[in-house]
Every structure is written in structure tokens, then in C-alpha cells.
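S.K.: Provided herewith is a single structure, encoded as C-alpha cells, for subsequent inquiry.
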Amino acid sequence: SRVGVVGIFTVPPEKQTDFLASFKRYGDTVKSAPGFGGLATHRGLEAEHVSTYEIWESAAAYQTATANGPVADALATVRAMASVTELHPYEVIRVCRFNPGT
């Protein structure tokens, strides 16, 4: 079954611009990974928070992509920039389509 991965990152406000640029590079890298379905990035209303949501065809696809190679390297770079990183995989039960405008 599909898996959604929620990322919660704590990033000092002065590092957010660099962090978001690094996460964009991660997104550019991960989009060609087998089983990848999409990525959303959110800047928190509190300056130090960034959250992300990825969707994957399966937990195995996510684990394979993030275990080694370019996706794993890009994710390691992102994680190194945050003072706290939490990545939580969830089974996707239902998705209501939306168009966030970007």
C-alpha cells in the first residue's frame, strides 16, 4: 500500500533560506526515484519550522531510495542542516486531491 512520509524539521531562522534551497535539490533528485509519487514543502508560521510530505508507492520504495545513492545523499545534506529532524512514515488510507496553487 502507498506510504506517506511526514518530515518535521527544526531549522534556525537564519539557515532557512539555505535549508529550503537544499530541500529543493532533494526534491529535484527524488522525483526520478522508482515509486516516488510527490512532495510538498511547508514553511511553518513559527520561523524555525519546516514540514514536508512525500508520497510513495510503498514503504519498500521509500526505504530503497533513501538507503543509498543520490537520494540518500541529498536527504543526508538536508538532515545535516536541521537541528532536529523527524521522518514519520504512514500508511495512506485516503487522498482528497487539491491544488495548492504552486
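By order of appearance in the C-alpha cells: chains A, B, ..., then residues from 1 within every chain, and ligands from 1 in the order shown.
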Residues near segment 26-33 of chain A, anyone? I mean within 10 Å using only C-alpha atoms, not counting same-chain ones fewer than 2 positions away, as a PyMOL selection string.

M.R.: chain A and resi 20-24+35-41+54+56+61-62+64-66+70-78

S.K.: Interatomic distance between atom CA of Ser83 of chain A and atom CA of Pro12 of chain A?

M.R.: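 Here the two named atoms are 7.5 Å from each other.
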
S.K.: Just the residues within 10 Å of Ala47 of chain A, please, counting only C-alpha atoms, with nothing from its chain fewer than 6 positions along; format it as a list in words.

M.R.: Thr10, Val11, Pro12, Pro13, Glu14 and Gln16 of chain A

S.K.: Please produce an output containing all heavy atoms for each residue in the selection, written as a compact mmCIF listing (two decimals), in the first residue's frame.

M.R.:
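Result file again_7.txt:
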```txt
# COMPACT_ATOMS: atom_id res chain seq x y z
N THR A 10 13.39 21.21 12.37
CA THR A 10 13.63 22.44 13.12
C THR A 10 14.91 23.04 12.56
O THR A 10 15.97 22.39 12.59
CB THR A 10 13.76 22.18 14.63
OG1 THR A 10 12.57 21.52 15.07
CG2 THR A 10 13.95 23.47 15.40
N VAL A 11 14.79 24.25 12.03
CA VAL A 11 15.90 24.91 11.35
C VAL A 11 16.01 26.34 11.89
O VAL A 11 15.02 27.08 11.86
CB VAL A 11 15.66 24.95 9.82
CG1 VAL A 11 16.82 25.60 9.10
CG2 VAL A 11 15.39 23.55 9.28
N PRO A 12 17.19 26.74 12.36
CA PRO A 12 17.33 28.13 12.81
C PRO A 12 16.90 29.09 11.70
O PRO A 12 17.21 28.87 10.53
CB PRO A 12 18.82 28.26 13.12
CG PRO A 12 19.28 26.87 13.38
CD PRO A 12 18.44 25.99 12.49
N PRO A 13 16.15 30.15 12.05
CA PRO A 13 15.63 31.07 11.04
C PRO A 13 16.70 31.59 10.07
O PRO A 13 16.44 31.72 8.88
CB PRO A 13 15.03 32.21 11.86
CG PRO A 13 14.65 31.57 13.15
CD PRO A 13 15.69 30.52 13.40
N GLU A 14 17.91 31.82 10.56
CA GLU A 14 18.96 32.35 9.69
C GLU A 14 19.47 31.32 8.68
O GLU A 14 20.15 31.66 7.73
CB GLU A 14 20.12 32.91 10.52
CG GLU A 14 20.89 31.90 11.33
CD GLU A 14 20.29 31.58 12.70
OE1 GLU A 14 19.17 32.01 13.00
OE2 GLU A 14 20.96 30.86 13.47
N GLN A 16 17.20 29.10 7.19
CA GLN A 16 16.05 28.60 6.44
C GLN A 16 16.19 28.75 4.94
O GLN A 16 15.82 27.85 4.19
CB GLN A 16 14.76 29.27 6.91
CG GLN A 16 14.19 28.57 8.09
CD GLN A 16 12.69 28.38 8.00
OE1 GLN A 16 12.04 28.93 7.14
NE2 GLN A 16 12.18 27.58 8.90
```

S.K.: Identify, with DSSP run on backbone atoms, the residues in segment 9-42 of chain A assigned to strand (DSSP E or B), and express the list as a ChimeraX atom specification.

M.R.: /A:9-10,36-42

S.K.: Write the residues of the selection above to a file with C-alpha atoms, as a PDB file, in the first residue's frame.

M.R.:
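As written to disk, out18.pdb reads:
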```pdb
ATOM      1  CA  PHE A   9      12.450  19.848  10.636  1.00  0.00           C
ATOM      2  CA  THR A  10      13.630  22.443  13.115  1.00  0.00           C
ATOM      3  CA  PHE A  36       8.093   8.279  -5.800  1.00  0.00           C
ATOM      4  CA  GLY A  37       4.706   9.983  -6.097  1.00  0.00           C
ATOM      5  CA  GLY A  38       5.067  13.577  -4.918  1.00  0.00           C
ATOM      6  CA  LEU A  39       6.471  16.048  -2.418  1.00  0.00           C
ATOM      7  CA  ALA A  40       5.079  19.106  -0.643  1.00  0.00           C
ATOM      8  CA  THR A  41       7.158  21.506   1.450  1.00  0.00           C
ATOM      9  CA  HIS A  42       5.685  23.831   4.080  1.00  0.00           C
TER      10      HIS A  42
END
```

S.K.: Which of these residues is nearest to Val6 of chain A, using only C-alpha atoms: A:Leu45, A:Cys96, A:Ala82, A:Ile55?

M.R.: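 Ranked by minimum distance to Val6 of chain A, first place goes to A:Ile55.
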